[in-house]
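Peer 1: Below: one structure in structure tokens.
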Amino acid sequence: MTSKFGFTKLNISEFEQWLTNLKVARTIVYIQEHHTWNPSYISFKNNNHFELQLAMKNYHVNNNGWMDIGQHFTTFPDGSILTGRSLEQTPACIFGFNSNAICIENLGNFDLGKDIMTTEHKETIVRITAALCKKFSIPVNSDKIVYHHWFNLSTGERNNGTRNNKTCPGTNFFGGNKVSDCENNFLPLVADVLKTTALPPNIPVLKYVYVTSDTLNIRTEANPKSNIVKDREAAILGAILRVYEIKNGWYKISSSASNWVNGSYTKDVTRYTVNANTLNVRSGPGIDYPKVASIYKNQEVFVIDEKNSWFKISSDNKWVKKEFLTIVT
């Protein structure tokens, strides 16, 4: 494990151990699979992982105007993994589908006739996906593990690759980029890895809350005089936190450690799934407001406000009709 330019490089075994010990406040329910397209395999020289990652960050920040590199992780042809954006931050990877997601960029161009994925790279992509599923209790299905190709570039609507879509993660990514390719060729490999690993205990979540302050310190005890924890970042505005215990207005947000936040800097939210095939997202609570996006059946959202039978599902004024959501029990 080595670090440079603010990134850390790990092999897949190191990553699995590192992830086991990592504390993340933000609720994760989706994994995105991408390919970088450029840089591709020809740019990889076996020793320039950090330089390629830094170049991607510089492009994302200076050209796209993003706050940081878009992805949380990048995998490389030799099986290495580099960390990227903090897991406490929402990725900048699929327009309209970044909330509560982790973004994996797999270095290469995996369209037909382009890069042939190495055996080491294949193993790492499968195992990193399985490790993230295990860590965040994400089911192995095509509702939760998604390809960029399935989303309209302009609207963010999931259309499964029928119009205005990138090929990402490649027309030859584990045999193809269609939903059926994912379900037949990729997801079974992820499921096979999970069959041989012990899953974490299923500790019930009492409720979910939304962070209302710019940053929210995480402390070792349920009081403002206790120490700030040193092994995880503060929660940030808009993050959805899981609450496992409540004490004197403080919320325990870890199932395995004494990590507490002051509940007065949060707001209760409720978890829902979409029950319509496609649901319009509008900029305000009514049909007269402009449509700004679409979400699809079985997609999960967290409702942070309600007005006139409309639900607010994002801090940036995204609203949907209440009747098209079903509460998750």
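By convention in this document, the chains of the structure tokens carry letters A, B, ... by their order, each chain's residues are numbered from 1, and ligands are numbered from 1 in the order they are shown.
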Please provide as a list in words all residues within 7 Å of range 177-194 of chain A, with the sequence filter that same-chain residues fewer than 5 positions apart are discarded (counting only C-alpha atoms).
Peer 2: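 Within the cut-off, the hits are Val126, Arg127, Thr129, Ala130, Val140, Asn141, Ser142, His149, Asn160, Pro169, Gly170, Thr171 and Asn172 of chain A.
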Peer 1: What are the closest atom pairs, with distances in Å to one decimal, for all residues of range 181-273 of chain A lying within 10 Å of range 92-99 of chain A? Consider only C-alpha atoms, order rows by chain and residue number, and present the result as a tab-separated table.
Peer 2:
```
residue	atom	partner	partner_atom	distance
A:Gly238	CA	A:Ser99	CA	9.7
A:Ala239	CA	A:Ser99	CA	9.1
A:Ile240	CA	A:Ser99	CA	9.5
```
Peer 1: Create the file for the chosen residues now, containing all heavy atoms and written as a CSV table (one decimal), in the first residue's frame.
Peer 2:
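Result went into selection19.csv, see below:
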```csv
chain,number,residue,atom,x,y,z
A,238,GLY,N,-26.3,17.2,3.6
A,238,GLY,CA,-27.0,16.4,2.6
A,238,GLY,C,-26.8,14.9,2.7
A,238,GLY,O,-27.5,14.1,2.1
A,239,ALA,N,-25.8,14.5,3.5
A,239,ALA,CA,-25.5,13.0,3.7
A,239,ALA,C,-26.7,12.4,4.4
A,239,ALA,O,-27.3,12.9,5.3
A,239,ALA,CB,-24.2,12.8,4.4
A,240,ILE,N,-27.0,11.1,4.0
A,240,ILE,CA,-28.1,10.3,4.6
A,240,ILE,C,-27.3,9.4,5.6
A,240,ILE,O,-26.5,8.6,5.1
A,240,ILE,CB,-28.9,9.5,3.6
A,240,ILE,CG1,-29.5,10.5,2.6
A,240,ILE,CG2,-30.0,8.7,4.4
A,240,ILE,CD1,-30.5,11.5,3.2
```
Peer 1: Near Thr266 in chain A, within 6 Å and counting only C-alpha atoms, which residues show up once chain neighbours fewer than 6 positions away are dropped, as a tab-separated table (two decimals) with all heavy atoms, in the first residue's frame?
Peer 2:
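Output file result-v6.tsv follows:
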```
chain	number	residue	atom	x	y	z
A	209	VAL	N	-31.46	9.70	8.78
A	209	VAL	CA	-31.51	11.15	8.96
A	209	VAL	C	-30.65	11.83	7.90
A	209	VAL	O	-29.72	11.24	7.34
A	209	VAL	CB	-31.05	11.57	10.37
A	209	VAL	CG1	-31.99	11.03	11.43
A	209	VAL	CG2	-29.61	11.14	10.65
A	210	TYR	N	-30.96	13.10	7.70
A	210	TYR	CA	-30.33	13.94	6.68
A	210	TYR	C	-29.53	15.02	7.40
A	210	TYR	O	-30.04	15.68	8.30
A	210	TYR	CB	-31.45	14.52	5.84
A	210	TYR	CG	-31.14	15.65	4.90
A	210	TYR	CD1	-30.71	15.39	3.61
A	210	TYR	CD2	-31.33	16.97	5.28
A	210	TYR	CE1	-30.47	16.43	2.72
A	210	TYR	CE2	-31.09	18.02	4.40
A	210	TYR	CZ	-30.67	17.74	3.12
A	210	TYR	OH	-30.43	18.76	2.24
A	211	VAL	N	-28.25	15.19	7.04
A	211	VAL	CA	-27.39	16.18	7.70
A	211	VAL	C	-27.76	17.58	7.21
A	211	VAL	O	-27.77	17.84	6.00
A	211	VAL	CB	-25.91	15.89	7.44
A	211	VAL	CG1	-25.02	16.97	8.05
A	211	VAL	CG2	-25.53	14.52	7.99
A	212	THR	N	-28.04	18.49	8.15
A	212	THR	CA	-28.48	19.84	7.79
A	212	THR	C	-27.41	20.91	7.97
A	212	THR	O	-27.61	22.07	7.62
A	212	THR	CB	-29.71	20.23	8.63
A	212	THR	OG1	-29.37	20.15	10.03
A	212	THR	CG2	-30.88	19.32	8.34
```
Peer 1: Taking only C-alpha atoms into account, produce a table as JSON lines in which each residue of range 109-215 of chain A with an atom at most 7 Å from an atom of range 242-250 of chain A appears once, together with its shortest atom pair and the distance in Å to one decimal, ordered by chain and rising number.
Peer 2:
```
{"residue": "A:Pro204", "atom": "CA", "partner": "A:Tyr244", "partner_atom": "CA", "distance": 6.9}
{"residue": "A:Val205", "atom": "CA", "partner": "A:Tyr244", "partner_atom": "CA", "distance": 5.1}
{"residue": "A:Leu206", "atom": "CA", "partner": "A:Tyr244", "partner_atom": "CA", "distance": 5.4}
{"residue": "A:Lys207", "atom": "CA", "partner": "A:Val243", "partner_atom": "CA", "distance": 5.4}
{"residue": "A:Tyr208", "atom": "CA", "partner": "A:Arg242", "partner_atom": "CA", "distance": 4.9}
{"residue": "A:Val209", "atom": "CA", "partner": "A:Arg242", "partner_atom": "CA", "distance": 6.7}
```
Peer 1: Mind writing the picked residues with N, CA, C and O atoms as a PDB file, in the first residue's frame?
Peer 2:
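Final output, saved to out-v3.pdb:
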```
ATOM      1  N   PRO A 204     -30.268  -4.030  12.804  1.00  0.00           N
ATOM      2  CA  PRO A 204     -31.350  -3.189  12.278  1.00  0.00           C
ATOM      3  C   PRO A 204     -31.058  -1.697  12.405  1.00  0.00           C
ATOM      4  O   PRO A 204     -30.466  -1.237  13.384  1.00  0.00           O
ATOM      5  N   VAL A 205     -31.478  -0.956  11.385  1.00  0.00           N
ATOM      6  CA  VAL A 205     -31.389   0.501  11.384  1.00  0.00           C
ATOM      7  C   VAL A 205     -32.685   1.047  11.973  1.00  0.00           C
ATOM      8  O   VAL A 205     -33.783   0.693  11.523  1.00  0.00           O
ATOM      9  N   LEU A 206     -32.579   1.910  13.004  1.00  0.00           N
ATOM     10  CA  LEU A 206     -33.774   2.475  13.626  1.00  0.00           C
ATOM     11  C   LEU A 206     -34.454   3.484  12.715  1.00  0.00           C
ATOM     12  O   LEU A 206     -35.682   3.535  12.623  1.00  0.00           O
ATOM     13  N   LYS A 207     -33.640   4.301  12.046  1.00  0.00           N
ATOM     14  CA  LYS A 207     -34.174   5.303  11.125  1.00  0.00           C
ATOM     15  C   LYS A 207     -33.029   5.899  10.320  1.00  0.00           C
ATOM     16  O   LYS A 207     -31.843   5.602  10.565  1.00  0.00           O
ATOM     17  N   TYR A 208     -33.372   6.751   9.360  1.00  0.00           N
ATOM     18  CA  TYR A 208     -32.397   7.478   8.560  1.00  0.00           C
ATOM     19  C   TYR A 208     -32.571   8.969   8.813  1.00  0.00           C
ATOM     20  O   TYR A 208     -33.693   9.449   9.025  1.00  0.00           O
ATOM     21  N   VAL A 209     -31.456   9.703   8.778  1.00  0.00           N
ATOM     22  CA  VAL A 209     -31.510  11.148   8.965  1.00  0.00           C
ATOM     23  C   VAL A 209     -30.649  11.833   7.903  1.00  0.00           C
ATOM     24  O   VAL A 209     -29.724  11.238   7.336  1.00  0.00           O
TER      25      VAL A 209
END
```
Peer 1: Would you give me, as a ChimeraX atom specification, the residues in range 140-266 of chain A that DSSP reads as alpha helix (DSSP H)?
Peer 2: /A:179-181,187-195
Peer 1: Please return as a compact mmCIF listing (two decimals) with all heavy atoms, in the first residue's frame: the residues of range 42-148 of chain A that backbone DSSP assigns to strand (DSSP E).
Peer 2:
```txt
# COMPACT_ATOMS: atom_id res chain seq x y z
N PHE A 73 -13.06 5.18 -6.89
CA PHE A 73 -11.98 4.22 -7.08
C PHE A 73 -11.69 4.07 -8.57
O PHE A 73 -12.58 4.18 -9.41
CB PHE A 73 -12.35 2.84 -6.51
CG PHE A 73 -12.70 2.86 -5.05
CD1 PHE A 73 -14.01 2.69 -4.64
CD2 PHE A 73 -11.72 3.06 -4.09
CE1 PHE A 73 -14.35 2.72 -3.30
CE2 PHE A 73 -12.04 3.09 -2.74
CZ PHE A 73 -13.36 2.91 -2.34
N THR A 74 -10.40 3.79 -8.88
CA THR A 74 -10.00 3.43 -10.24
C THR A 74 -9.27 2.09 -10.16
O THR A 74 -8.38 1.91 -9.32
CB THR A 74 -9.06 4.49 -10.85
OG1 THR A 74 -9.68 5.77 -10.79
CG2 THR A 74 -8.74 4.14 -12.30
N THR A 75 -9.66 1.16 -11.03
CA THR A 75 -8.94 -0.12 -11.12
C THR A 75 -8.03 -0.08 -12.35
O THR A 75 -8.33 0.60 -13.34
CB THR A 75 -9.90 -1.31 -11.23
OG1 THR A 75 -10.59 -1.27 -12.51
CG2 THR A 75 -10.94 -1.28 -10.09
N ILE A 81 -5.68 -0.94 -7.37
CA ILE A 81 -6.79 -0.02 -7.15
C ILE A 81 -6.22 1.27 -6.57
O ILE A 81 -5.37 1.23 -5.68
CB ILE A 81 -7.81 -0.61 -6.15
CG1 ILE A 81 -8.39 -1.92 -6.69
CG2 ILE A 81 -8.93 0.39 -5.84
CD1 ILE A 81 -9.11 -2.74 -5.64
N LEU A 82 -6.68 2.42 -7.08
CA LEU A 82 -6.35 3.69 -6.48
C LEU A 82 -7.60 4.34 -5.91
O LEU A 82 -8.66 4.33 -6.55
CB LEU A 82 -5.71 4.65 -7.49
CG LEU A 82 -4.18 4.81 -7.35
CD1 LEU A 82 -3.48 3.50 -7.70
CD2 LEU A 82 -3.66 5.94 -8.23
N THR A 83 -7.48 4.90 -4.71
CA THR A 83 -8.57 5.67 -4.15
C THR A 83 -8.69 6.99 -4.89
O THR A 83 -7.71 7.49 -5.48
CB THR A 83 -8.34 5.95 -2.66
OG1 THR A 83 -7.12 6.70 -2.50
CG2 THR A 83 -8.25 4.66 -1.86
N ALA A 101 -24.50 6.61 -4.14
CA ALA A 101 -23.79 5.68 -5.02
C ALA A 101 -22.29 5.73 -4.79
O ALA A 101 -21.74 6.72 -4.29
CB ALA A 101 -24.10 5.99 -6.48
N ILE A 102 -21.63 4.65 -5.19
CA ILE A 102 -20.17 4.59 -5.30
C ILE A 102 -19.82 4.40 -6.77
O ILE A 102 -20.44 3.59 -7.47
CB ILE A 102 -19.59 3.42 -4.48
CG1 ILE A 102 -19.62 3.76 -2.99
CG2 ILE A 102 -18.16 3.09 -4.90
CD1 ILE A 102 -19.13 2.65 -2.09
N CYS A 103 -18.85 5.18 -7.24
CA CYS A 103 -18.43 5.12 -8.65
C CYS A 103 -17.08 4.42 -8.76
O CYS A 103 -16.10 4.82 -8.13
CB CYS A 103 -18.35 6.53 -9.22
SG CYS A 103 -17.64 6.60 -10.88
N ILE A 104 -17.04 3.37 -9.60
CA ILE A 104 -15.79 2.67 -9.93
C ILE A 104 -15.46 2.96 -11.39
O ILE A 104 -16.27 2.66 -12.28
CB ILE A 104 -15.91 1.15 -9.74
CG1 ILE A 104 -16.34 0.80 -8.31
CG2 ILE A 104 -14.59 0.47 -10.08
CD1 ILE A 104 -16.68 -0.68 -8.14
N GLU A 105 -14.30 3.54 -11.65
CA GLU A 105 -13.79 3.70 -13.01
C GLU A 105 -12.75 2.60 -13.25
O GLU A 105 -11.79 2.48 -12.49
CB GLU A 105 -13.14 5.07 -13.20
CG GLU A 105 -14.10 6.22 -13.33
CD GLU A 105 -14.74 6.33 -14.71
OE1 GLU A 105 -14.41 5.49 -15.59
OE2 GLU A 105 -15.56 7.24 -14.91
N ASN A 106 -12.98 1.81 -14.28
CA ASN A 106 -12.05 0.75 -14.65
C ASN A 106 -11.22 1.25 -15.83
O ASN A 106 -11.76 1.51 -16.91
CB ASN A 106 -12.83 -0.51 -15.01
CG ASN A 106 -13.71 -0.96 -13.85
OD1 ASN A 106 -13.20 -1.31 -12.79
ND2 ASN A 106 -15.02 -0.95 -14.03
N ILE A 145 -26.46 -2.65 -8.90
CA ILE A 145 -25.17 -2.57 -9.57
C ILE A 145 -25.47 -2.18 -11.01
O ILE A 145 -26.10 -2.94 -11.75
CB ILE A 145 -24.41 -3.90 -9.51
CG1 ILE A 145 -24.17 -4.30 -8.04
CG2 ILE A 145 -23.09 -3.81 -10.27
CD1 ILE A 145 -23.60 -5.69 -7.87
N VAL A 146 -25.05 -0.97 -11.40
CA VAL A 146 -25.52 -0.41 -12.66
C VAL A 146 -24.36 -0.02 -13.56
O VAL A 146 -23.24 0.26 -13.09
CB VAL A 146 -26.43 0.82 -12.41
CG1 VAL A 146 -27.64 0.43 -11.56
CG2 VAL A 146 -25.67 1.97 -11.76
N TYR A 147 -24.65 0.00 -14.87
CA TYR A 147 -23.69 0.45 -15.88
C TYR A 147 -24.11 1.84 -16.36
O TYR A 147 -25.30 2.14 -16.50
CB TYR A 147 -23.69 -0.50 -17.07
CG TYR A 147 -23.12 -1.88 -16.84
CD1 TYR A 147 -23.11 -2.81 -17.89
CD2 TYR A 147 -22.60 -2.27 -15.61
CE1 TYR A 147 -22.60 -4.09 -17.71
CE2 TYR A 147 -22.08 -3.54 -15.43
CZ TYR A 147 -22.09 -4.45 -16.48
OH TYR A 147 -21.58 -5.72 -16.29
```
Peer 1: Quick one: residues within 12 Å of range 6-14 of chain A, only C-alpha atoms, excluding same-chain residues fewer than 6 positions away - as an MDAnalysis selection string?
Peer 2: chainID A and resid 20:21 47:54 57 68:69 71:86 120:132
Peer 1: Measuring atom to atom with only C-alpha atoms, identify which of A:Met67, A:Ile236, A:Ile28, A:Leu241 is nearest to Ser254 in chain A.
Peer 2: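 Looking only at the distances to Ser254 in chain A, the closest residue turns out to be A:Leu241.
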Peer 1: So that I can see what lies close to Ser154 in chain A, please list as a PDB file with all heavy atoms, in the first residue's frame the residues with an atom at most 9 Å from it, counting only C-alpha atoms and leaving out residues fewer than 5 positions away in the same chain.
Peer 2:
```pdb
ATOM      1  N   PHE A  95     -25.127  11.358 -14.547  1.00  0.00           N
ATOM      2  CA  PHE A  95     -26.041  12.482 -14.351  1.00  0.00           C
ATOM      3  C   PHE A  95     -27.393  11.968 -13.843  1.00  0.00           C
ATOM      4  O   PHE A  95     -28.000  11.081 -14.428  1.00  0.00           O
ATOM      5  CB  PHE A  95     -26.237  13.231 -15.673  1.00  0.00           C
ATOM      6  CG  PHE A  95     -27.242  14.341 -15.601  1.00  0.00           C
ATOM      7  CD1 PHE A  95     -26.950  15.505 -14.913  1.00  0.00           C
ATOM      8  CD2 PHE A  95     -28.479  14.213 -16.208  1.00  0.00           C
ATOM      9  CE1 PHE A  95     -27.882  16.534 -14.837  1.00  0.00           C
ATOM     10  CE2 PHE A  95     -29.424  15.232 -16.131  1.00  0.00           C
ATOM     11  CZ  PHE A  95     -29.117  16.397 -15.444  1.00  0.00           C
ATOM     12  N   ASN A 164     -29.428   8.065 -26.678  1.00  0.00           N
ATOM     13  CA  ASN A 164     -28.571   9.098 -26.091  1.00  0.00           C
ATOM     14  C   ASN A 164     -27.767   8.555 -24.914  1.00  0.00           C
ATOM     15  O   ASN A 164     -27.767   9.115 -23.827  1.00  0.00           O
ATOM     16  CB  ASN A 164     -29.398  10.308 -25.648  1.00  0.00           C
ATOM     17  CG  ASN A 164     -28.524  11.522 -25.338  1.00  0.00           C
ATOM     18  OD1 ASN A 164     -27.458  11.698 -25.920  1.00  0.00           O
ATOM     19  ND2 ASN A 164     -28.983  12.370 -24.419  1.00  0.00           N
ATOM     20  N   ASN A 165     -27.044   7.461 -25.156  1.00  0.00           N
ATOM     21  CA  ASN A 165     -26.276   6.809 -24.092  1.00  0.00           C
ATOM     22  C   ASN A 165     -24.815   6.652 -24.489  1.00  0.00           C
ATOM     23  O   ASN A 165     -24.501   6.479 -25.669  1.00  0.00           O
ATOM     24  CB  ASN A 165     -26.838   5.413 -23.794  1.00  0.00           C
ATOM     25  CG  ASN A 165     -28.300   5.430 -23.444  1.00  0.00           C
ATOM     26  OD1 ASN A 165     -29.143   5.495 -24.312  1.00  0.00           O
ATOM     27  ND2 ASN A 165     -28.597   5.377 -22.161  1.00  0.00           N
ATOM     28  N   ALA A 293     -35.597  15.825 -14.370  1.00  0.00           N
ATOM     29  CA  ALA A 293     -34.979  14.498 -14.457  1.00  0.00           C
ATOM     30  C   ALA A 293     -36.084  13.443 -14.445  1.00  0.00           C
ATOM     31  O   ALA A 293     -37.279  13.763 -14.343  1.00  0.00           O
ATOM     32  CB  ALA A 293     -34.014  14.264 -13.300  1.00  0.00           C
TER      33      ALA A 293
END
```
Peer 1: Skip Lys322 in chain A itself and residues of its chain fewer than 3 positions away, then list as a VMD selection string all residues within 8 Å of it, counting only C-alpha atoms.
Peer 2: chain A and resid 309 to 311 325
Peer 1: With C-alpha atoms retained, write the just-selected residues as a short mmCIF file (atom, residue, chain, number, x, y, z; two decimals), in the first residue's frame.
Peer 2:
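Result file follows (again-v6.cif):
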```
data_model
loop_
_atom_site.label_atom_id
_atom_site.label_comp_id
_atom_site.auth_asym_id
_atom_site.auth_seq_id
_atom_site.Cartn_x
_atom_site.Cartn_y
_atom_site.Cartn_z
CA SER A 309 -48.89 15.34 -1.97
CA TRP A 310 -45.40 15.87 -3.38
CA PHE A 311 -42.15 14.54 -1.90
CA LEU A 325 -43.39 5.98 -4.18
#
```
